[in-house]
file run_25.txt (compact mmCIF, C-alpha atoms and all ligand atoms)
# COMPACT_ATOMS: atom_id res chain seq x y z
CA MET A 25 -13.58 12.40 27.93
CA SER A 26 -16.50 12.02 25.56
CA THR A 27 -15.88 10.27 22.25
CA LYS A 28 -19.43 10.53 20.92
CA ASN A 29 -18.46 12.78 17.99
CA ILE A 30 -15.83 10.35 16.66
CA VAL A 31 -18.57 8.58 14.68
CA HIS A 32 -18.85 11.75 12.56
CA ALA A 33 -15.14 11.88 11.67
CA GLU A 34 -15.61 10.40 8.20
CA ALA A 35 -18.50 12.78 7.37
CA VAL A 36 -16.51 15.78 8.61
CA ALA A 37 -13.56 14.70 6.43
CA GLN A 38 -15.83 14.43 3.39
CA TYR A 39 -17.48 17.79 4.06
CA THR A 40 -14.27 19.73 4.71
CA GLU A 41 -12.19 18.08 1.97
CA SER A 42 -14.90 18.68 -0.63
CA ARG A 43 -14.72 22.40 0.15
CA LEU A 44 -11.09 23.03 1.06
CA VAL A 45 -9.20 20.31 -0.84
CA PRO A 46 -11.28 19.68 -3.97
CA ASP A 47 -9.74 17.17 -6.37
CA THR A 48 -7.55 18.53 -9.12
CA PRO A 49 -6.71 16.34 -12.14
CA ALA A 50 -3.10 15.97 -10.91
CA PHE A 51 -3.95 14.78 -7.39
CA ALA A 52 -6.92 12.67 -8.54
CA HIS A 53 -4.69 10.98 -11.14
CA ALA A 54 -2.02 10.21 -8.51
CA TYR A 55 -4.64 8.22 -6.57
CA THR A 56 -6.42 6.54 -9.49
CA ASN A 57 -3.30 5.67 -11.48
CA SER A 58 -1.67 4.20 -8.35
CA THR A 59 -4.74 2.05 -7.66
CA ALA A 60 -4.86 0.98 -11.33
CA HIS A 61 -1.29 -0.33 -10.88
CA GLY A 62 -2.26 -2.33 -7.81
CA ILE A 63 -0.53 0.00 -5.35
CA PRO A 64 -2.18 -0.15 -1.90
CA GLU A 65 -4.38 2.80 -0.92
CA ILE A 66 -2.18 3.95 1.96
CA ALA A 67 -1.19 7.42 0.74
CA LEU A 68 -2.00 10.47 2.85
CA SER A 69 -5.59 11.64 2.79
CA PRO A 70 -6.21 14.86 0.81
CA ALA A 71 -6.60 16.79 4.08
CA GLN A 72 -3.32 15.51 5.51
CA GLY A 73 -1.55 15.99 2.18
CA LYS A 74 -2.58 19.63 2.17
CA PHE A 75 -1.77 19.99 5.87
CA THR A 76 1.81 18.71 5.40
CA SER A 77 2.17 20.92 2.33
CA ILE A 78 1.05 24.04 4.23
CA LEU A 79 3.36 23.10 7.11
CA ALA A 80 6.35 22.73 4.79
CA SER A 81 5.42 26.00 3.13
CA ILE A 82 5.09 28.06 6.32
CA SER A 83 8.27 26.53 7.76
CA GLY A 84 10.05 28.10 4.78
CA ALA A 85 11.38 24.72 3.63
CA LYS A 86 13.41 24.64 0.46
CA ASN A 87 14.65 21.04 0.53
CA VAL A 88 12.37 18.23 1.68
CA LEU A 89 13.45 14.67 2.47
CA GLU A 90 10.78 11.98 2.32
CA LEU A 91 11.03 8.35 3.46
CA GLY A 92 8.38 6.29 1.63
CA THR A 93 7.27 7.55 -1.79
CA LEU A 94 4.53 5.02 -2.67
CA GLY A 95 2.79 6.53 -5.75
CA GLY A 96 4.16 10.03 -5.17
CA TYR A 97 0.98 11.55 -3.70
CA SER A 98 2.65 13.21 -0.69
CA ALA A 99 5.71 14.11 -2.80
CA LEU A 100 3.35 15.98 -5.12
CA TRP A 101 2.05 18.03 -2.18
CA PHE A 102 5.61 18.81 -1.03
CA ALA A 103 6.63 19.79 -4.57
CA GLN A 104 3.78 22.30 -4.52
CA ALA A 105 4.88 23.64 -1.10
CA ILE A 106 8.47 24.41 -2.12
CA LYS A 107 7.89 25.43 -5.74
CA GLY A 108 9.98 28.42 -6.77
CA ARG A 109 12.31 28.23 -3.73
CA GLY A 110 15.21 26.70 -5.65
CA GLY A 111 15.24 23.40 -3.77
CA LYS A 112 13.71 20.00 -4.33
CA VAL A 113 11.97 17.01 -2.78
CA THR A 114 14.19 13.96 -2.34
CA SER A 115 12.09 10.86 -1.75
CA ILE A 116 13.28 7.32 -0.98
CA GLU A 117 11.30 4.23 -2.02
CA ILE A 118 12.32 0.58 -1.70
CA ASN A 119 9.88 -0.77 -4.30
CA LYS A 120 10.79 -0.26 -7.97
CA GLN A 121 7.25 -0.54 -9.34
CA ARG A 122 6.05 2.11 -6.88
CA ARG A 123 8.99 4.35 -7.76
CA ASP A 124 8.10 4.02 -11.47
CA VAL A 125 4.41 4.80 -10.92
CA ALA A 126 5.34 7.77 -8.71
CA ILE A 127 7.47 9.19 -11.54
CA GLU A 128 4.54 8.69 -13.93
CA ASN A 129 2.17 10.48 -11.52
CA LEU A 130 4.53 13.39 -10.87
CA GLU A 131 5.22 13.92 -14.57
CA TYR A 132 1.48 13.79 -15.30
CA ALA A 133 1.13 16.62 -12.76
CA GLY A 134 3.76 18.66 -14.57
CA VAL A 135 6.46 18.16 -11.93
CA LYS A 136 9.99 17.89 -13.29
CA VAL A 137 11.70 14.64 -12.25
CA PRO A 138 14.43 14.66 -10.93
CA GLU A 139 14.89 18.45 -10.88
CA GLU A 140 11.87 19.17 -8.64
CA VAL A 141 11.30 15.71 -7.16
CA GLU A 142 14.06 13.11 -7.15
CA ILE A 143 13.08 9.58 -6.22
CA LEU A 144 15.90 7.36 -5.00
CA LEU A 145 15.33 3.62 -5.23
CA GLY A 146 16.53 1.59 -2.25
CA ALA A 147 16.11 0.85 1.42
CA GLY A 148 16.09 4.01 3.50
CA LEU A 149 18.96 2.90 5.70
CA ASP A 150 21.12 2.19 2.62
CA VAL A 151 20.31 5.45 0.84
CA LEU A 152 20.58 7.86 3.81
CA PRO A 153 24.36 7.38 4.38
CA ARG A 154 24.88 8.12 0.65
CA LEU A 155 22.96 11.37 1.04
CA ALA A 156 25.18 12.25 4.02
CA GLU A 157 28.29 11.67 1.91
CA GLU A 158 26.92 13.82 -0.89
CA ILE A 159 26.12 16.59 1.60
CA ASP A 160 29.66 16.36 3.00
CA GLN A 161 31.07 16.56 -0.53
CA GLY A 162 28.97 19.66 -1.25
CA LYS A 163 26.95 17.83 -3.93
CA ARG A 164 23.64 18.07 -2.09
CA GLU A 165 21.95 20.58 0.22
CA ARG A 166 20.82 19.81 3.76
CA PHE A 167 17.12 19.21 4.43
CA ASP A 168 14.81 21.76 6.01
CA PHE A 169 11.90 19.35 6.36
CA THR A 170 11.96 15.54 6.75
CA PHE A 171 8.81 13.51 6.32
CA ILE A 172 9.03 9.93 7.64
CA ASP A 173 6.35 7.64 6.22
CA ALA A 174 8.03 4.29 5.43
CA ASP A 175 8.46 1.10 7.48
CA TRP A 176 7.67 1.54 11.18
CA ASP A 177 10.55 -0.66 12.43
CA ASN A 178 13.12 1.90 11.31
CA GLN A 179 11.31 5.08 12.41
CA ALA A 180 13.81 5.82 15.18
CA ALA A 181 16.79 5.36 12.84
CA TYR A 182 15.12 7.55 10.20
CA PHE A 183 14.45 10.17 12.86
CA ASP A 184 18.14 10.17 13.82
CA TRP A 185 19.13 10.56 10.16
CA GLY A 186 16.56 13.31 9.73
CA VAL A 187 18.22 15.29 12.53
CA LYS A 188 21.74 14.56 11.24
CA LEU A 189 20.90 15.68 7.71
CA SER A 190 18.87 18.69 8.84
CA ASN A 191 19.67 22.25 7.94
CA GLY A 192 20.45 23.41 11.48
CA LYS A 193 18.19 25.09 14.02
CA GLY A 194 14.50 25.20 13.15
CA SER A 195 14.45 22.25 10.74
CA VAL A 196 11.32 20.12 10.91
CA ILE A 197 10.98 16.34 11.30
CA TYR A 198 7.48 14.92 10.83
CA VAL A 199 6.86 11.24 11.60
CA ASP A 200 3.53 9.86 10.47
CA ASN A 201 1.45 7.09 12.10
CA VAL A 202 3.09 7.39 15.51
CA VAL A 203 -0.17 7.08 17.43
CA ARG A 204 -1.27 3.94 15.59
CA GLN A 205 2.10 2.42 16.33
CA LEU A 206 1.94 3.33 20.03
CA LEU A 207 -1.40 1.54 20.23
CA GLU A 208 -0.31 -1.47 18.17
CA ILE A 209 2.84 -2.12 20.21
CA GLY A 210 0.89 -1.74 23.43
CA THR A 211 2.80 1.25 24.82
CA VAL A 212 -0.64 2.73 25.43
CA GLY A 213 -3.98 0.91 25.33
CA SER A 214 -4.99 -2.72 25.57
CA ALA A 215 -2.78 -4.45 22.96
CA GLU A 216 -0.19 -6.87 24.32
CA LYS A 217 3.10 -5.03 24.84
CA ASP A 218 5.64 -5.71 22.09
CA SER A 219 9.02 -4.78 23.51
CA THR A 220 10.85 -5.77 20.30
CA VAL A 221 9.72 -2.50 18.67
CA GLN A 222 11.37 0.73 19.81
CA ASP A 223 9.05 3.38 21.20
CA LEU A 224 9.86 6.48 19.15
CA VAL A 225 8.20 8.83 21.63
CA GLU A 226 10.47 7.60 24.44
CA ILE A 227 13.54 7.99 22.22
CA VAL A 228 12.62 11.48 21.03
CA ALA A 229 11.80 12.54 24.61
CA LYS A 230 15.46 11.87 25.54
CA ASP A 231 16.88 13.53 22.42
CA ASP A 232 18.38 16.88 23.39
CA ARG A 233 18.78 17.91 19.75
CA VAL A 234 15.04 18.49 19.27
CA GLU A 235 11.83 19.66 20.85
CA ALA A 236 8.77 17.66 19.85
CA THR A 237 5.11 16.94 20.31
CA VAL A 238 2.55 14.39 19.15
CA MET A 239 -0.79 15.41 17.66
CA GLN A 240 -3.62 12.88 17.54
CA THR A 241 -5.74 12.93 14.43
CA CYS A 242 -9.10 11.51 13.57
CA GLY A 243 -10.56 11.52 10.09
CA SER A 244 -11.17 9.37 7.05
CA LYS A 245 -8.35 7.08 8.23
CA ASP A 246 -9.50 6.26 11.75
CA MET A 247 -7.62 7.49 14.81
CA ASP A 248 -3.92 8.10 14.35
CA GLY A 249 -1.43 10.91 14.87
CA PHE A 250 1.99 12.23 14.05
CA LEU A 251 5.09 13.36 15.85
CA LEU A 252 6.37 16.80 14.96
CA ALA A 253 9.87 17.85 15.97
CA ARG A 254 11.96 20.96 15.49
CA THR A 255 15.74 20.93 15.73
CA LYS A 256 17.19 23.19 18.45
C1 LIG B 1 2.69 4.62 3.72
S1 LIG B 1 3.58 4.40 2.23
C2 LIG B 1 4.08 6.05 1.79
C3 LIG B 1 2.94 6.92 1.40
C4 LIG B 1 3.35 8.22 0.74
N1 LIG B 1 4.23 9.00 1.60
C5 LIG B 1 2.13 9.05 0.40
O1 LIG B 1 1.49 9.54 1.34
O2 LIG B 1 1.80 9.19 -0.79
C6 LIG B 1 5.08 3.67 2.73
C7 LIG B 1 6.06 3.40 1.60
O3 LIG B 1 7.33 3.12 2.18
C8 LIG B 1 7.98 2.14 1.40
N2 LIG B 1 8.99 1.47 2.22
C9 LIG B 1 8.82 0.45 3.10
N3 LIG B 1 9.98 0.11 3.65
C10 LIG B 1 10.92 0.93 3.14
C11 LIG B 1 12.32 1.07 3.33
N4 LIG B 1 12.98 0.29 4.17
N5 LIG B 1 12.97 2.01 2.64
C12 LIG B 1 12.28 2.84 1.77
N6 LIG B 1 10.96 2.75 1.55
C13 LIG B 1 10.28 1.81 2.22
C14 LIG B 1 6.84 1.21 0.96
O4 LIG B 1 7.21 0.47 -0.19
C15 LIG B 1 5.71 2.20 0.73
O5 LIG B 1 5.63 2.56 -0.63

call {"tool": "encode", "arguments": {"input": "run_25.txt", "output": "structure tokens"}}
result
Amino acid sequence: MSTKNIVHAEAVAQYTESRLVPDTPAFAHAYTNSTAHGIPEIALSPAQGKFTSILASISGAKNVLELGTLGGYSALWFAQAIKGRGGKVTSIEINKQRRDVAIENLEYAGVKVPEEVEILLGAGLDVLPRLAEEIDQGKRERFDFTFIDADWDNQAAYFDWGVKLSNGKGSVIYVDNVVRQLLEIGTVGSAEKDSTVQDLVEIVAKDDRVEATVMQTCGSKDMDGFLLARTK
């Protein structure tokens, strides 16, 4: 396999994003205001933000669950994808300052918080059982699309919750950064194998509730990739 074109990945990202995902004040502000508050620059790239938004839109999603809000950049893309469908984005963030900045960024973009995007403060594994209870009590709708982008150690548990809280057959679970993690824990590649971290791909491969694939990506954020699953 030739990798000679990988050196152009950054230039391709710049060229394509400048034409297909030009900055709008709302999205530009979400980046700059987050940085001004000292929030790390680890949000989705514009291209991936738009990609996940289009994916949520064409999957017909009404209710989106997100693990890892940061400054609300990806939540803003999801809000755009489901606008007018009568649902909302529910995003979970462990860090209060990030939650507050995300609310600021969403409101600047004209998104209604919490009606269109609700941000729940807390650790994912504490908040998710509460969402399950609320669903059981008929106080909350099930999720058509789950986007997992928080701490890597809990990816497998988040995936399981994503399936449990999903809206039946055809719901989507998207787990970001799966390829980087595979390489970092030495499942593939030259890094020393770290068997303390669960291999999500192995777990999902044995999960009869879903069908899934991994797509490798290469762009402004180096080589990475995501796992995309659909409930059966
Ligand atoms: C990669 S960032 C999310 C980026 C965001 N989805 C975007 O693209 O705009 C990961 C976020 O997950 C949060 N996080 C880390 N551990 C968490 C946990 N256990 N529960 C909830 N959020 C967590 C971090 O504070 C951080 O803001």

call {"tool": "closest_atom_pairs", "arguments": {"input": "run_25.txt", "of": "segment 112-171 of chain A", "to": "segment 181-191 of chain A", "cutoff": "10 Å", "atoms": "all atoms listed in the file", "output": "JSON lines"}}
result
{"residue": "A:Gly148", "atom": "CA", "partner": "A:Tyr182", "partner_atom": "CA", "distance": 7.6}
{"residue": "A:Leu149", "atom": "CA", "partner": "A:Tyr182", "partner_atom": "CA", "distance": 7.5}
{"residue": "A:Leu152", "atom": "CA", "partner": "A:Trp185", "partner_atom": "CA", "distance": 7.1}
{"residue": "A:Pro153", "atom": "CA", "partner": "A:Trp185", "partner_atom": "CA", "distance": 8.4}
{"residue": "A:Leu155", "atom": "CA", "partner": "A:Leu189", "partner_atom": "CA", "distance": 8.2}
{"residue": "A:Ala156", "atom": "CA", "partner": "A:Leu189", "partner_atom": "CA", "distance": 6.6}
{"residue": "A:Ile159", "atom": "CA", "partner": "A:Leu189", "partner_atom": "CA", "distance": 8.1}
{"residue": "A:Asp160", "atom": "CA", "partner": "A:Leu189", "partner_atom": "CA", "distance": 10.0}
{"residue": "A:Glu165", "atom": "CA", "partner": "A:Asn191", "partner_atom": "CA", "distance": 8.2}
{"residue": "A:Arg166", "atom": "CA", "partner": "A:Asn191", "partner_atom": "CA", "distance": 5.0}
{"residue": "A:Phe167", "atom": "CA", "partner": "A:Ser190", "partner_atom": "CA", "distance": 4.8}
{"residue": "A:Asp168", "atom": "CA", "partner": "A:Asn191", "partner_atom": "CA", "distance": 5.3}
{"residue": "A:Phe169", "atom": "CA", "partner": "A:Ser190", "partner_atom": "CA", "distance": 7.4}
{"residue": "A:Thr170", "atom": "CA", "partner": "A:Gly186", "partner_atom": "CA", "distance": 5.9}
{"residue": "A:Phe171", "atom": "CA", "partner": "A:Gly186", "partner_atom": "CA", "distance": 8.5}

call {"tool": "closest_atom_pairs", "arguments": {"input": "run_25.txt", "of": "chain A", "to": "ligand LIG 1 (chain B)", "cutoff": "7 Å", "atoms": "only C-alpha atoms and all ligand atoms", "output": "tab-separated table"}}
result
residue	atom	partner	partner_atom	distance
A:Ile66	CA	B:LIG1	C1	5.2
A:Ala67	CA	B:LIG1	O1	3.5
A:Leu68	CA	B:LIG1	O1	3.9
A:Leu91	CA	B:LIG1	C12	5.9
A:Gly92	CA	B:LIG1	O3	3.4
A:Thr93	CA	B:LIG1	C4	4.7
A:Leu94	CA	B:LIG1	O5	3.4
A:Gly95	CA	B:LIG1	O2	5.7
A:Gly96	CA	B:LIG1	O2	5.0
A:Tyr97	CA	B:LIG1	O2	3.8
A:Ser98	CA	B:LIG1	O2	4.1
A:Ala99	CA	B:LIG1	O2	6.6
A:Ile116	CA	B:LIG1	C12	5.4
A:Glu117	CA	B:LIG1	N6	3.9
A:Ile118	CA	B:LIG1	N6	4.1
A:Asn119	CA	B:LIG1	O4	5.1
A:Arg122	CA	B:LIG1	O5	6.3
A:Gly146	CA	B:LIG1	C12	6.0
A:Ala147	CA	B:LIG1	N5	3.6
A:Gly148	CA	B:LIG1	N5	3.8
A:Leu149	CA	B:LIG1	N4	6.7
A:Asp173	CA	B:LIG1	C2	5.2
A:Ala174	CA	B:LIG1	O3	3.5
A:Asp175	CA	B:LIG1	N3	4.2

call {"tool": "residues_around", "arguments": {"input": "run_25.txt", "residues": "Tyr55 of chain A", "least_positions_apart": "2", "cutoff": "12 Å", "atoms": "all atoms listed in the file", "output": "PDB file with C-alpha atoms, in the coordinates of the input"}}
result
ATOM      1  CA  ASP A  47      -9.740  17.170  -6.370  1.00  0.00           C
ATOM      2  CA  THR A  48      -7.550  18.530  -9.120  1.00  0.00           C
ATOM      3  CA  PRO A  49      -6.710  16.340 -12.140  1.00  0.00           C
ATOM      4  CA  ALA A  50      -3.100  15.970 -10.910  1.00  0.00           C
ATOM      5  CA  PHE A  51      -3.950  14.780  -7.390  1.00  0.00           C
ATOM      6  CA  ALA A  52      -6.920  12.670  -8.540  1.00  0.00           C
ATOM      7  CA  HIS A  53      -4.690  10.980 -11.140  1.00  0.00           C
ATOM      8  CA  ASN A  57      -3.300   5.670 -11.480  1.00  0.00           C
ATOM      9  CA  SER A  58      -1.670   4.200  -8.350  1.00  0.00           C
ATOM     10  CA  THR A  59      -4.740   2.050  -7.660  1.00  0.00           C
ATOM     11  CA  ALA A  60      -4.860   0.980 -11.330  1.00  0.00           C
ATOM     12  CA  HIS A  61      -1.290  -0.330 -10.880  1.00  0.00           C
ATOM     13  CA  GLY A  62      -2.260  -2.330  -7.810  1.00  0.00           C
ATOM     14  CA  ILE A  63      -0.530   0.000  -5.350  1.00  0.00           C
ATOM     15  CA  PRO A  64      -2.180  -0.150  -1.900  1.00  0.00           C
ATOM     16  CA  GLU A  65      -4.380   2.800  -0.920  1.00  0.00           C
ATOM     17  CA  ILE A  66      -2.180   3.950   1.960  1.00  0.00           C
ATOM     18  CA  ALA A  67      -1.190   7.420   0.740  1.00  0.00           C
ATOM     19  CA  LEU A  68      -2.000  10.470   2.850  1.00  0.00           C
ATOM     20  CA  SER A  69      -5.590  11.640   2.790  1.00  0.00           C
ATOM     21  CA  PRO A  70      -6.210  14.860   0.810  1.00  0.00           C
ATOM     22  CA  LEU A  94       4.530   5.020  -2.670  1.00  0.00           C
ATOM     23  CA  GLY A  95       2.790   6.530  -5.750  1.00  0.00           C
ATOM     24  CA  GLY A  96       4.160  10.030  -5.170  1.00  0.00           C
ATOM     25  CA  TYR A  97       0.980  11.550  -3.700  1.00  0.00           C
ATOM     26  CA  SER A  98       2.650  13.210  -0.690  1.00  0.00           C
ATOM     27  CA  LEU A 100       3.350  15.980  -5.120  1.00  0.00           C
ATOM     28  CA  VAL A 125       4.410   4.800 -10.920  1.00  0.00           C
ATOM     29  CA  ALA A 126       5.340   7.770  -8.710  1.00  0.00           C
ATOM     30  CA  GLU A 128       4.540   8.690 -13.930  1.00  0.00           C
ATOM     31  CA  ASN A 129       2.170  10.480 -11.520  1.00  0.00           C
ATOM     32  CA  LEU A 130       4.530  13.390 -10.870  1.00  0.00           C
ATOM     33  CA  ALA A 133       1.130  16.620 -12.760  1.00  0.00           C
TER      34      ALA A 133
END

call {"tool": "closest_residue", "arguments": {"input": "run_25.txt", "among": "A:Thr56, A:Thr114, A:Thr76, A:Ser214", "to": "Leu89 of chain A", "atoms": "only C-alpha atoms"}}
result
A:Thr114

call {"tool": "closest_residue", "arguments": {"input": "run_25.txt", "among": "A:Ala54, A:Val238, A:Ile227, A:Val221", "to": "Gly134 of chain A", "atoms": "all atoms listed in the file"}}
result
A:Ala54

call {"tool": "closest_atom_pairs", "arguments": {"input": "run_25.txt", "of": "segment 135-201 of chain A", "to": "segment 205-210 of chain A", "cutoff": "12 Å", "atoms": "all atoms listed in the file", "output": "CSV"}}
result
residue,atom,partner,partner_atom,distance
A:Asp175,CA,A:Gln205,CA,11.0
A:Trp176,CA,A:Gln205,CA,7.6
A:Asp177,CA,A:Gln205,CA,9.8
A:Gln179,CA,A:Gln205,CA,10.4
A:Val199,CA,A:Gln205,CA,11.1
A:Asp200,CA,A:Gln205,CA,9.6
A:Asn201,CA,A:Gln205,CA,6.3

call {"tool": "write_last_selection", "arguments": {"input": "run_25.txt", "atoms": "C-alpha atoms", "output": "PDB file, keeping the file's coordinate frame"}}
result
ATOM      1  CA  ASP A 175       8.460   1.100   7.480  1.00  0.00           C
ATOM      2  CA  TRP A 176       7.670   1.540  11.180  1.00  0.00           C
ATOM      3  CA  ASP A 177      10.550  -0.660  12.430  1.00  0.00           C
ATOM      4  CA  GLN A 179      11.310   5.080  12.410  1.00  0.00           C
ATOM      5  CA  VAL A 199       6.860  11.240  11.600  1.00  0.00           C
ATOM      6  CA  ASP A 200       3.530   9.860  10.470  1.00  0.00           C
ATOM      7  CA  ASN A 201       1.450   7.090  12.100  1.00  0.00           C
TER       8      ASN A 201
END

call {"tool": "axis_aligned_box", "arguments": {"input": "run_25.txt", "around": "segment 89-100 of chain A", "padding_each_side": "6 Å", "output": "AutoDock Vina command-line options"}}
result
--center_x 7.2 --center_y 10.5 --center_z -1.1 --size_x 24.5 --size_y 23.0 --size_z 21.2

call {"tool": "closest_residue", "arguments": {"input": "run_25.txt", "among": "A:Thr27, A:Lys120, A:Val88, A:Val137", "to": "Ile172 of chain A", "atoms": "only C-alpha atoms"}}
result
A:Val88

call {"tool": "closest_residue", "arguments": {"input": "run_25.txt", "among": "A:Ala80, A:Val203, A:Leu44, A:Ile197", "to": "Gly249 of chain A", "atoms": "only C-alpha atoms"}}
result
A:Val203

call {"tool": "residues_around", "arguments": {"input": "run_25.txt", "residues": "Gly84 of chain A", "least_positions_apart": "5", "cutoff": "12 Å", "atoms": "all atoms listed in the file", "output": "VMD selection string"}}
result
chain A and resid 77 to 79 102 105 to 111 167 to 169 191 194 to 196

call {"tool": "atom_distance", "arguments": {"input": "run_25.txt", "atom1": "atom CA of Gln222 of chain A", "atom2": "atom CA of Ser115 of chain A"}}
result
23.8 Å

call {"tool": "residues_around", "arguments": {"input": "run_25.txt", "residues": "Val225 of chain A", "least_positions_apart": "3", "cutoff": "10 Å", "atoms": "only C-alpha atoms", "output": "PyMOL selection string"}}
result
chain A and resi 180+202-203+206+211+222+228-231+236-238+251

call {"tool": "atom_distance", "arguments": {"input": "run_25.txt", "atom1": "atom CA of Ala33 of chain A", "atom2": "atom CA of Asp246 of chain A"}}
result
8.0 Å

call {"tool": "atom_distance", "arguments": {"input": "run_25.txt", "atom1": "atom CA of Leu252 of chain A", "atom2": "atom CA of Met239 of chain A"}}
result
7.8 Å

call {"tool": "closest_residue", "arguments": {"input": "run_25.txt", "among": "A:Val212, A:Val113, A:Val135, A:Ala253", "to": "Lys193 of chain A", "atoms": "all atoms listed in the file"}}
result
A:Ala253
